[in-house]
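Right, one structure below, let's go through it.
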Amino acid sequence: MPNPSAGSANPSASLSALWGYILPALNHIVRSPTNSTDKAPAIEPSYHIGIHTATYNYFTAQSEAANARANSSADKGPSTVQPASGADLYEHLDKYFMDLARELLLGTPEDDMALVQYIIPCFKRYSVGAHSINRLLNYVNRHYVKRAVDEDQGWLTLSDIFDAVIEEGNTRKAKSLRERRVEELKKWGYEEGGLAETLVLAEQRAEAASTLNCVVPLAALALRRFRTEFIEPLLAAPKVKGKKGTPGAASVGDKSHLPKSRLAYGVRELLGVQDVSSEECLGLARDLAATLCAVGVRYGHPLRKKLDKFLTTGTPKCL
């Protein structure tokens, strides 16, 4: 995609100007038709450099304005805390990924079997685009995200450690932030002494699993929105209307009679269908399990456990 002409306008003059300059590139990367799910559509190097320069200039102008306000207010007493430079662009990007994931959800097929076959290429295309945007706007990660994480706004905070101490009891000493981080990353596939790539991947999964108020790198931000706006609605079981105390009702804790989520039905259909080869079934199950893990669906979720059991034993099991 070529660098669009901005004329005499300065793309770093305001958030609206910067967003108007960046948006065509984002749409080209994640929305342009492509025959490959392995590589996002490219933009010209001059456009890439232009986006980096405009983002840098915008953040710099924000920082200078914030410093000027701070110096001015120092003589006038306390003032309200201003948001960090880059926060507004970060929020725009979060909303962009949210809207994109919701659009993809609207395209899901009604057929249970086709659902899984839709999710896999859909996520691969989305993920490749998200990582391309992460590289394109890496200055946001270096300038805004890194600072927010340093200020204890990342996926793992000191309050998480204190909450764990309260939950486990005061008899246990508080773990250091590093120890708790390693403990959490092991849940996402990290092994101490393992490859650096494994550590990076595990941390991205943990970031994608974080709550929406946590500041995470743009790639994880996109994956988190795919989970909250696309995967979680498909994992939600429909609500059951009925009266309490109905004679013959299942005992408390017995949920086998309750309706399952759309995705659970889709997986059951996939593993039980006869006209799909075992290789294709295994491949779809493996890709779906990887997708759920990548977007931060925790291992304790029943569907992840069922998929992992199938991949381990190779035996279809009704979900």
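Residues are referred to by chain and number: the chain letter is A, B, ... according to the order shown in the structure tokens, the number counts from 1 in that chain, and ligands are numbered separately from 1 in the order shown.
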
Counting only C-alpha atoms, what is within 10 Å of Glu280 in chain A, bar same-chain residues fewer than 5 positions away, as an MDAnalysis selection string? chainID A and resid 270 285:286

Dump as a short mmCIF file (atom, residue, chain, number, x, y, z; two decimals), in the first residue's frame, selection limited to C-alpha atoms:
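Everything below was put into out23.cif:
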data_model
loop_
_atom_site.label_atom_id
_atom_site.label_comp_id
_atom_site.auth_asym_id
_atom_site.auth_seq_id
_atom_site.Cartn_x
_atom_site.Cartn_y
_atom_site.Cartn_z
CA LEU A 270 -16.13 -32.06 14.73
CA ALA A 285 -8.52 -29.78 17.03
CA ARG A 286 -4.84 -28.89 17.35
#

Would you list the contacts of range 294-301 of chain A as a PyMOL selection string, taking every protein, DNA or RNA residue within 9 Å and counting only C-alpha atoms, but skipping same-chain residues closer than 3 positions in sequence? chain A and resi 187-188+201-202+204-210+220+222-228+231-232+289-291+304-306

Write the selection just made, keeping C-alpha atoms, as a PDB file, in the first residue's frame?
ATOM      1  CA  LYS A 187       0.885 -22.056  33.247  1.00  0.00           C
ATOM      2  CA  TRP A 188       1.307 -20.804  29.679  1.00  0.00           C
ATOM      3  CA  LEU A 201       5.230 -16.725  23.722  1.00  0.00           C
ATOM      4  CA  ALA A 202       4.205 -17.609  27.279  1.00  0.00           C
ATOM      5  CA  GLN A 204       2.115 -12.961  25.337  1.00  0.00           C
ATOM      6  CA  ARG A 205      -0.459 -15.608  26.299  1.00  0.00           C
ATOM      7  CA  ALA A 206      -0.486 -14.351  29.886  1.00  0.00           C
ATOM      8  CA  GLU A 207      -0.915 -10.779  28.639  1.00  0.00           C
ATOM      9  CA  ALA A 208      -3.812 -11.844  26.406  1.00  0.00           C
ATOM     10  CA  ALA A 209      -5.437 -13.508  29.430  1.00  0.00           C
ATOM     11  CA  SER A 210      -5.287 -10.297  31.470  1.00  0.00           C
ATOM     12  CA  ALA A 220      -1.439  -9.031  23.116  1.00  0.00           C
ATOM     13  CA  ALA A 222      -5.397  -7.547  19.837  1.00  0.00           C
ATOM     14  CA  LEU A 223      -5.382 -11.169  21.038  1.00  0.00           C
ATOM     15  CA  ARG A 224      -7.149 -10.161  24.251  1.00  0.00           C
ATOM     16  CA  ARG A 225      -9.905  -8.467  22.262  1.00  0.00           C
ATOM     17  CA  PHE A 226     -10.283 -11.562  20.079  1.00  0.00           C
ATOM     18  CA  ARG A 227     -10.897 -13.492  23.281  1.00  0.00           C
ATOM     19  CA  THR A 228     -13.356 -11.053  24.872  1.00  0.00           C
ATOM     20  CA  ILE A 231     -14.194 -16.437  21.606  1.00  0.00           C
ATOM     21  CA  GLU A 232     -15.963 -15.738  24.902  1.00  0.00           C
ATOM     22  CA  ALA A 289      -6.520 -25.662  21.058  1.00  0.00           C
ATOM     23  CA  ALA A 290      -3.627 -23.418  20.012  1.00  0.00           C
ATOM     24  CA  THR A 291      -6.052 -20.569  19.281  1.00  0.00           C
ATOM     25  CA  ARG A 304      -9.413 -26.636  26.575  1.00  0.00           C
ATOM     26  CA  LYS A 305      -9.117 -29.681  28.805  1.00  0.00           C
ATOM     27  CA  LYS A 306     -11.304 -31.756  26.470  1.00  0.00           C
TER      28      LYS A 306
END

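Close contacts of Asp152 in chain A, defined as residues with an atom at most 10 Å away when counting only C-alpha atoms, with chain neighbours fewer than 5 positions off set aside, comprise Arg147, Thr157, Leu158, Ser159, Cys214 and Val215 of chain A.
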
Would you please extract all helix (DSSP H, G or I) residues from range 51-246 of chain A, as assigned by DSSP on the backbone, and give them as number ranges by chain? A: 51-74, 87-106, 112-136, 138-150, 158-168, 177-186, 196-208, 218-235
